[in-house]
>>> print(open('entry_27.cif').read())   # mmCIF, C-alpha atoms and all ligand atoms
data_input
#
loop_
_atom_site.label_atom_id
_atom_site.label_comp_id
_atom_site.auth_asym_id
_atom_site.auth_seq_id
_atom_site.Cartn_x
_atom_site.Cartn_y
_atom_site.Cartn_z
CA MET E 1 20.81 -16.01 -22.70
CA SER E 2 24.57 -15.51 -22.52
CA THR E 3 26.27 -13.30 -19.97
CA SER E 4 26.82 -10.69 -22.67
CA ALA E 5 23.27 -9.64 -21.94
CA TYR E 6 24.59 -8.32 -18.66
CA LEU E 7 27.61 -6.42 -19.96
CA PHE E 8 25.87 -3.10 -19.49
CA VAL E 9 25.92 -3.65 -15.72
CA LYS E 10 29.41 -5.20 -15.45
CA LYS E 11 31.38 -2.11 -16.39
CA LYS E 12 33.53 -0.53 -13.66
CA VAL E 13 32.47 -3.16 -11.18
CA LYS E 14 36.07 -4.09 -10.29
CA LYS E 15 36.82 -0.63 -9.00
CA ARG E 16 33.74 -0.56 -6.83
CA LEU E 17 34.46 -4.05 -5.53
CA LYS E 18 37.66 -2.78 -3.91
CA LYS E 19 35.46 -1.15 -1.30
CA TYR E 20 33.88 -4.48 -0.51
CA TYR E 21 37.23 -6.07 0.41
CA ARG E 22 37.56 -3.52 3.17
CA ALA E 23 34.13 -4.49 4.39
CA LEU E 24 35.29 -8.04 5.01
CA ARG E 25 37.22 -6.73 7.97
CA GLY E 26 34.17 -5.33 9.72
CA ASP E 27 30.53 -4.55 9.62
CA HIS E 28 30.13 -1.55 7.38
CA PHE E 29 26.77 -0.84 5.92
CA ASP E 30 26.48 2.55 4.38
CA ASN E 31 23.46 2.35 2.13
CA ALA E 32 20.14 0.65 2.83
CA GLY E 33 19.98 -0.11 -0.87
CA ALA E 34 16.64 0.35 -2.54
CA VAL E 35 16.01 -1.91 -5.51
CA THR E 36 16.65 0.06 -8.71
CA ALA E 37 15.29 -0.01 -12.26
CA LEU E 38 18.52 -1.74 -13.32
CA ASP E 39 18.00 -4.43 -10.67
CA TYR E 40 14.60 -5.09 -12.18
CA GLN E 41 16.08 -5.16 -15.63
CA VAL E 42 18.61 -7.88 -14.73
CA ILE E 43 15.97 -9.84 -12.83
CA GLN E 44 13.63 -9.65 -15.82
CA ILE E 45 16.39 -10.86 -18.16
CA ALA E 46 16.88 -13.82 -15.81
CA ILE E 47 13.15 -14.51 -15.67
CA ASP E 48 12.97 -14.56 -19.46
CA GLU E 49 15.92 -16.94 -19.51
CA VAL E 50 14.82 -19.32 -16.75
CA LYS E 51 11.05 -19.21 -17.44
CA PRO E 52 10.41 -19.97 -13.78
CA SER E 53 7.63 -22.01 -12.26
CA SER E 54 8.65 -20.75 -8.84
CA TYR E 55 10.29 -17.62 -7.45
CA ILE E 56 11.18 -16.97 -3.80
CA GLU E 57 11.91 -13.53 -2.42
CA ILE E 58 13.46 -13.29 1.05
CA GLY E 59 12.68 -9.86 2.51
CA THR E 60 9.31 -8.45 1.47
CA GLY E 61 9.81 -5.05 3.09
CA LYS E 62 7.29 -2.58 1.76
CA GLY E 63 6.64 -4.85 -1.17
CA VAL E 64 8.32 -2.77 -3.86
CA SER E 65 10.32 -5.58 -5.46
CA ALA E 66 7.54 -8.11 -4.83
CA THR E 67 5.09 -5.91 -6.73
CA HIS E 68 7.42 -5.28 -9.67
CA VAL E 69 8.50 -8.87 -10.06
CA TYR E 70 5.08 -10.39 -9.47
CA ASN E 71 3.51 -8.06 -12.05
CA TYR E 72 6.16 -9.08 -14.57
CA LEU E 73 5.64 -12.76 -13.82
CA GLN E 74 1.88 -12.34 -14.20
CA GLU E 75 2.44 -10.84 -17.61
CA LYS E 76 5.03 -13.34 -18.88
CA PHE E 77 4.69 -16.52 -16.80
CA PRO E 78 1.33 -16.35 -15.03
CA ALA E 79 1.53 -19.92 -13.74
CA CYS E 80 4.69 -19.12 -11.74
CA HIS E 81 4.22 -19.31 -7.97
CA PHE E 82 5.71 -16.34 -6.16
CA TYR E 83 6.69 -16.62 -2.47
CA THR E 84 7.82 -13.70 -0.35
CA LEU E 85 9.11 -14.01 3.24
CA GLU E 86 9.06 -11.31 5.86
CA ILE E 87 9.86 -11.21 9.57
CA PHE E 88 8.08 -7.93 10.28
CA GLN E 89 4.34 -8.38 10.96
CA GLU E 90 3.20 -5.08 9.48
CA HIS E 91 4.92 -5.66 6.13
CA TYR E 92 3.53 -9.17 6.02
CA ASP E 93 -0.02 -7.98 6.77
CA ASN E 94 0.17 -5.33 4.04
CA ILE E 95 1.37 -7.64 1.29
CA LEU E 96 -1.07 -10.33 2.33
CA LEU E 97 -3.94 -7.88 1.98
CA LYS E 98 -2.69 -6.53 -1.34
CA TYR E 99 -2.51 -9.96 -3.01
CA LYS E 100 -5.20 -11.86 -1.14
CA ASN E 101 -7.05 -12.67 -4.37
CA HIS E 102 -4.01 -13.98 -6.22
CA PRO E 103 -3.67 -17.76 -5.90
CA THR E 104 -0.06 -17.73 -7.19
CA PHE E 105 1.11 -15.14 -4.64
CA HIS E 106 2.20 -16.54 -1.26
CA ALA E 107 3.22 -14.32 1.65
CA LEU E 108 4.98 -15.99 4.58
CA LEU E 109 5.69 -14.55 8.01
CA GLY E 110 8.78 -15.25 10.11
CA LEU E 111 12.55 -15.41 10.35
CA SER E 112 13.90 -17.21 7.29
CA VAL E 113 16.31 -19.45 9.23
CA THR E 114 17.05 -19.94 12.95
CA ARG E 115 18.78 -17.30 15.03
CA GLU E 116 21.67 -19.71 15.65
CA GLU E 117 22.41 -19.81 11.93
CA THR E 118 22.74 -16.04 11.69
CA THR E 119 25.73 -13.84 12.39
CA ASN E 120 25.95 -10.19 13.34
CA PRO E 121 24.34 -7.77 12.92
CA ALA E 122 21.28 -10.00 12.45
CA TYR E 123 22.13 -12.24 15.43
CA ASP E 124 22.16 -9.41 17.96
CA GLU E 125 19.08 -7.79 16.45
CA LEU E 126 17.17 -11.03 16.94
CA GLU E 127 17.91 -11.31 20.66
CA LYS E 128 14.33 -10.58 21.69
CA TYR E 129 12.62 -12.02 18.66
CA ASN E 130 10.08 -14.69 19.54
CA GLY E 131 8.04 -14.99 16.34
CA PRO E 132 8.03 -17.86 13.86
CA VAL E 133 11.41 -19.18 12.70
CA ASP E 134 12.72 -21.35 9.90
CA THR E 135 10.14 -20.08 7.41
CA LEU E 136 12.45 -20.57 4.45
CA ARG E 137 13.48 -24.09 5.46
CA ASP E 138 9.86 -25.10 6.04
CA LEU E 139 8.81 -23.71 2.67
CA LEU E 140 11.62 -25.46 0.83
CA LYS E 141 10.95 -28.79 2.53
CA ARG E 142 7.22 -28.53 1.93
CA GLU E 143 7.17 -27.35 -1.69
CA PHE E 144 10.54 -28.03 -3.27
CA SER E 145 11.85 -31.44 -2.29
CA GLU E 146 10.83 -32.89 -5.64
CA LYS E 147 10.32 -30.10 -8.13
CA LYS E 148 13.08 -27.63 -7.02
CA VAL E 149 12.94 -23.85 -7.00
CA ASP E 150 13.82 -21.88 -10.13
CA MET E 151 14.65 -18.38 -8.91
CA VAL E 152 15.49 -16.77 -5.57
CA PHE E 153 16.04 -13.14 -4.65
CA ILE E 154 17.80 -12.63 -1.30
CA ASP E 155 17.03 -9.19 0.09
CA SER E 156 16.82 -9.83 3.84
CA ARG E 157 19.58 -8.76 6.24
CA LYS E 158 23.30 -8.81 6.65
CA GLY E 159 23.97 -11.82 8.87
CA SER E 160 21.13 -13.99 7.56
CA ALA E 161 21.84 -13.86 3.80
CA LEU E 162 24.56 -16.51 3.81
CA ALA E 163 22.50 -18.99 5.84
CA GLU E 164 19.64 -18.44 3.38
CA PHE E 165 21.93 -18.93 0.40
CA LYS E 166 23.32 -22.22 1.77
CA LEU E 167 19.80 -23.47 2.32
CA VAL E 168 18.48 -22.39 -1.06
CA GLU E 169 21.42 -24.00 -2.82
CA GLN E 170 20.15 -27.44 -1.78
CA TYR E 171 16.82 -26.85 -3.49
CA ILE E 172 17.65 -24.82 -6.58
CA SER E 173 16.91 -26.30 -9.99
CA LYS E 174 19.72 -27.17 -12.40
CA ASP E 175 19.40 -23.97 -14.42
CA GLY E 176 18.10 -21.86 -11.56
CA ILE E 177 19.39 -18.40 -10.70
CA VAL E 178 19.86 -16.80 -7.29
CA PHE E 179 20.23 -13.06 -6.85
CA CYS E 180 21.60 -11.47 -3.70
CA HIS E 181 21.09 -7.74 -3.32
CA ASP E 182 23.41 -5.24 -1.56
CA ILE E 183 27.00 -5.94 -2.46
CA LEU E 184 28.56 -2.70 -3.73
CA ASN E 185 27.26 -0.90 -0.65
CA ARG E 186 28.97 -3.55 1.55
CA GLY E 187 25.69 -4.99 2.68
CA LYS E 188 24.41 -8.54 2.92
CA GLY E 189 26.00 -9.56 -0.38
CA VAL E 190 29.48 -9.36 1.19
CA GLU E 191 29.08 -12.57 3.17
CA VAL E 192 27.64 -14.36 0.15
CA LEU E 193 30.38 -13.16 -2.22
CA SER E 194 33.10 -14.30 0.21
CA TYR E 195 31.50 -17.71 0.30
CA LEU E 196 31.26 -17.87 -3.50
CA GLN E 197 34.93 -16.96 -3.78
CA GLU E 198 35.93 -19.65 -1.30
CA HIS E 199 33.99 -22.26 -3.28
CA ARG E 200 34.36 -20.86 -6.77
CA GLU E 201 34.48 -24.32 -8.37
CA ARG E 202 30.78 -24.70 -7.55
CA TYR E 203 29.42 -21.44 -8.96
CA TYR E 204 29.29 -19.12 -11.87
CA TYR E 205 28.66 -15.62 -10.52
CA ASP E 206 28.73 -11.98 -11.51
CA VAL E 207 28.57 -8.79 -9.48
CA LEU E 208 26.39 -6.37 -11.39
CA ASP E 209 26.55 -2.61 -11.03
CA THR E 210 22.86 -1.89 -10.89
CA GLY E 211 23.09 1.15 -8.61
CA PRO E 212 24.44 2.03 -5.17
CA ALA E 213 23.61 -1.41 -3.79
CA GLY E 214 24.45 -3.68 -6.73
CA ILE E 215 23.43 -7.28 -7.05
CA ILE E 216 25.13 -10.70 -7.32
CA ARG E 217 23.80 -13.09 -9.94
CA ILE E 218 24.60 -16.73 -9.19
CA ARG E 219 24.30 -19.90 -11.25
CA PHE E 220 25.25 -23.37 -10.13
CA LEU E 221 27.80 -25.61 -11.81
CA ASN E 222 27.65 -29.42 -11.58
CA LYS E 223 24.02 -29.56 -10.48
C1 LIG E 301 15.84 -4.44 2.34
S1 LIG E 301 14.26 -4.81 2.95
C2 LIG E 301 13.45 -5.56 1.61
C3 LIG E 301 13.03 -4.58 0.58
C4 LIG E 301 12.11 -5.19 -0.44
N1 LIG E 301 12.74 -6.26 -1.20
C5 LIG E 301 11.59 -4.11 -1.37
O1 LIG E 301 12.06 -3.97 -2.51
O2 LIG E 301 10.67 -3.41 -0.96
C6 LIG E 301 14.59 -6.19 3.97
C7 LIG E 301 13.36 -6.81 4.62
O3 LIG E 301 13.69 -8.10 5.02
C8 LIG E 301 13.14 -8.37 6.30
N2 LIG E 301 14.03 -9.37 6.89
C9 LIG E 301 15.30 -9.14 7.33
N3 LIG E 301 15.87 -10.29 7.71
C10 LIG E 301 14.95 -11.27 7.52
C11 LIG E 301 14.96 -12.67 7.71
N4 LIG E 301 16.05 -13.28 8.14
N5 LIG E 301 13.84 -13.37 7.42
C12 LIG E 301 12.75 -12.74 6.94
N6 LIG E 301 12.68 -11.40 6.72
C13 LIG E 301 13.77 -10.68 6.99
C14 LIG E 301 13.16 -7.01 7.00
O4 LIG E 301 12.17 -6.94 8.01
C15 LIG E 301 12.89 -6.05 5.86
O5 LIG E 301 11.53 -5.74 5.74
#
>>> encode(input="entry_27.cif", output="structure tokens")
Amino acid sequence: MSTSAYLFVKKKVKKRLKKYYRALRGDHFDNAGAVTALDYQVIQIAIDEVKPSSYIEIGTGKGVSATHVYNYLQEKFPACHFYTLEIFQEHYDNILLKYKNHPTFHALLGLSVTREETTNPAYDELEKYNGPVDTLRDLLKREFSEKKVDMVFIDSRKGSALAEFKLVEQYISKDGIVFCHDILNRGKGVEVLSYLQEHRERYYYDVLDTGPAGIIRIRFLNK
């Protein structure tokens, strides 16, 4: 599907992006950024386009986006394997219980990358963390060395999102799509957008005005 499918969420985005440039100078984070109906709409458009066999979500939280997206995948592409990663034990336990009878739903516990790969605020927050690490890297190495991953939704934390993106990029399929949540609220998407801008020859990306948080949609050129 062409990008015109997304025009309804591209309007006025330039004006709102001005705020993000200020955020590059410091760590502002003024909206925790719940996933909105428009976020789901753009993710569903991408799912219909990509027809994924695999979908990774980084940041399960209370399982709101996992539930929406997994239900949609079950309806449209029931063979798609859905993976969701979470560092917080309670969230992990809850989602594990909820989907324990679903063989295509995979909940994983732990920090996505290593603490050394993160930046602030994540780095400082992880000072006393001693749970599992490198969950994303382990998953990618184990499941996606050959067949590649089709879709990824980054909704973890400011300071770990860029490390996750760099990792995912090595395993994404040719026509795969990565979403990163929280850009217009100066959240985790800021570090990813800066990186995309520095290496613009490698990506095709859009910032979509899906609500207070907004979302970046990324495709990969020359794969
Ligand atoms: C914004 S919430 C996710 C919200 C969720 N997508 C939803 O719609 O309900 C972010 C979640 O990511 C988890 N998280 C943050 N950084 C992480 C990391 N580096 N690896 C794994 N989980 C992480 C947090 O514990 C938190 O539950």
>>> closest_atom_pairs(input="entry_27.cif", of="chain E", to="ligand LIG 301 (chain E)", cutoff="9 Å", atoms="only C-alpha atoms and all ligand atoms", output="CSV")
residue,atom,partner,partner_atom,distance
E:Ala32,CA,E:LIG301,C1,6.7
E:Gly33,CA,E:LIG301,C1,6.8
E:Ala34,CA,E:LIG301,O1,6.3
E:Val35,CA,E:LIG301,O1,5.4
E:Thr36,CA,E:LIG301,O1,8.7
E:Glu57,CA,E:LIG301,N1,7.4
E:Ile58,CA,E:LIG301,C12,6.0
E:Gly59,CA,E:LIG301,O3,3.2
E:Thr60,CA,E:LIG301,C4,4.7
E:Gly61,CA,E:LIG301,O5,3.2
E:Lys62,CA,E:LIG301,O2,4.4
E:Gly63,CA,E:LIG301,O2,4.3
E:Val64,CA,E:LIG301,O2,3.8
E:Ser65,CA,E:LIG301,O1,3.8
E:Ala66,CA,E:LIG301,O1,6.6
E:Thr67,CA,E:LIG301,O1,8.4
E:His68,CA,E:LIG301,O1,8.6
E:Thr84,CA,E:LIG301,C12,8.9
E:Leu85,CA,E:LIG301,C12,5.3
E:Glu86,CA,E:LIG301,N6,3.7
E:Ile87,CA,E:LIG301,N6,4.0
E:Phe88,CA,E:LIG301,O4,4.8
E:Gln89,CA,E:LIG301,O4,8.5
E:His91,CA,E:LIG301,O5,6.6
E:Tyr92,CA,E:LIG301,O5,8.7
E:Leu108,CA,E:LIG301,C12,8.7
E:Leu109,CA,E:LIG301,C12,7.4
E:Gly110,CA,E:LIG301,C12,5.7
E:Leu111,CA,E:LIG301,N5,3.8
E:Ser112,CA,E:LIG301,N5,3.8
E:Val113,CA,E:LIG301,N4,6.3
E:Thr114,CA,E:LIG301,N4,8.3
E:Arg115,CA,E:LIG301,N4,8.4
E:Thr118,CA,E:LIG301,N4,8.1
E:Ala122,CA,E:LIG301,N3,7.2
E:Val133,CA,E:LIG301,N5,8.2
E:Asp134,CA,E:LIG301,N5,8.4
E:Thr135,CA,E:LIG301,N5,7.7
E:Leu136,CA,E:LIG301,N5,7.9
E:Phe153,CA,E:LIG301,N1,8.4
E:Ile154,CA,E:LIG301,N1,8.1
E:Asp155,CA,E:LIG301,C2,5.3
E:Ser156,CA,E:LIG301,O3,3.8
E:Arg157,CA,E:LIG301,N3,4.3
E:Lys158,CA,E:LIG301,N3,7.6
E:Gly159,CA,E:LIG301,N4,8.1
E:Ser160,CA,E:LIG301,N4,5.2
E:Ala161,CA,E:LIG301,N4,7.3
E:Ala163,CA,E:LIG301,N4,8.9
E:Glu164,CA,E:LIG301,N4,7.9
E:His181,CA,E:LIG301,C1,8.4
E:Asp182,CA,E:LIG301,C1,8.6
>>> closest_residue(input="entry_27.cif", among="E:Gln44, E:Lys188, E:Met151, E:Lys100", to="E:Phe82", atoms="only C-alpha atoms")
E:Met151
>>> closest_residue(input="entry_27.cif", among="E:Phe179, E:Gly189, E:Tyr203, E:Glu143", to="E:Val42", atoms="all atoms listed in the file")
E:Phe179
>>> closest_residue(input="entry_27.cif", among="E:Phe220, E:Tyr40, E:Tyr204, E:Tyr123", to="E:Ser173", atoms="all atoms listed in the file")
E:Phe220
>>> atom_distance(input="entry_27.cif", atom1="atom CA of E:Leu167", atom2="atom CA of E:Val152")
11.2 Å
>>> closest_residue(input="entry_27.cif", among="E:Tyr55, E:Gly214, E:Lys141, E:Phe165", to="E:Tyr195", atoms="all atoms listed in the file")
E:Phe165
>>> residues_around(input="entry_27.cif", residues="E:Ile218", least_positions_apart="3", cutoff="6 Å", atoms="all atoms listed in the file", output="VMD selection string")
chain E and resid 177 to 178 204 to 205
>>> closest_residue(input="entry_27.cif", among="E:Ala79, E:Val50, E:Leu126, E:Ile45", to="E:Ile172", atoms="only C-alpha atoms")
E:Val50
>>> closest_residue(input="entry_27.cif", among="E:Leu193, E:Val168, E:Ile183, E:Ile47", to="E:Leu208", atoms="all atoms listed in the file")
E:Ile183
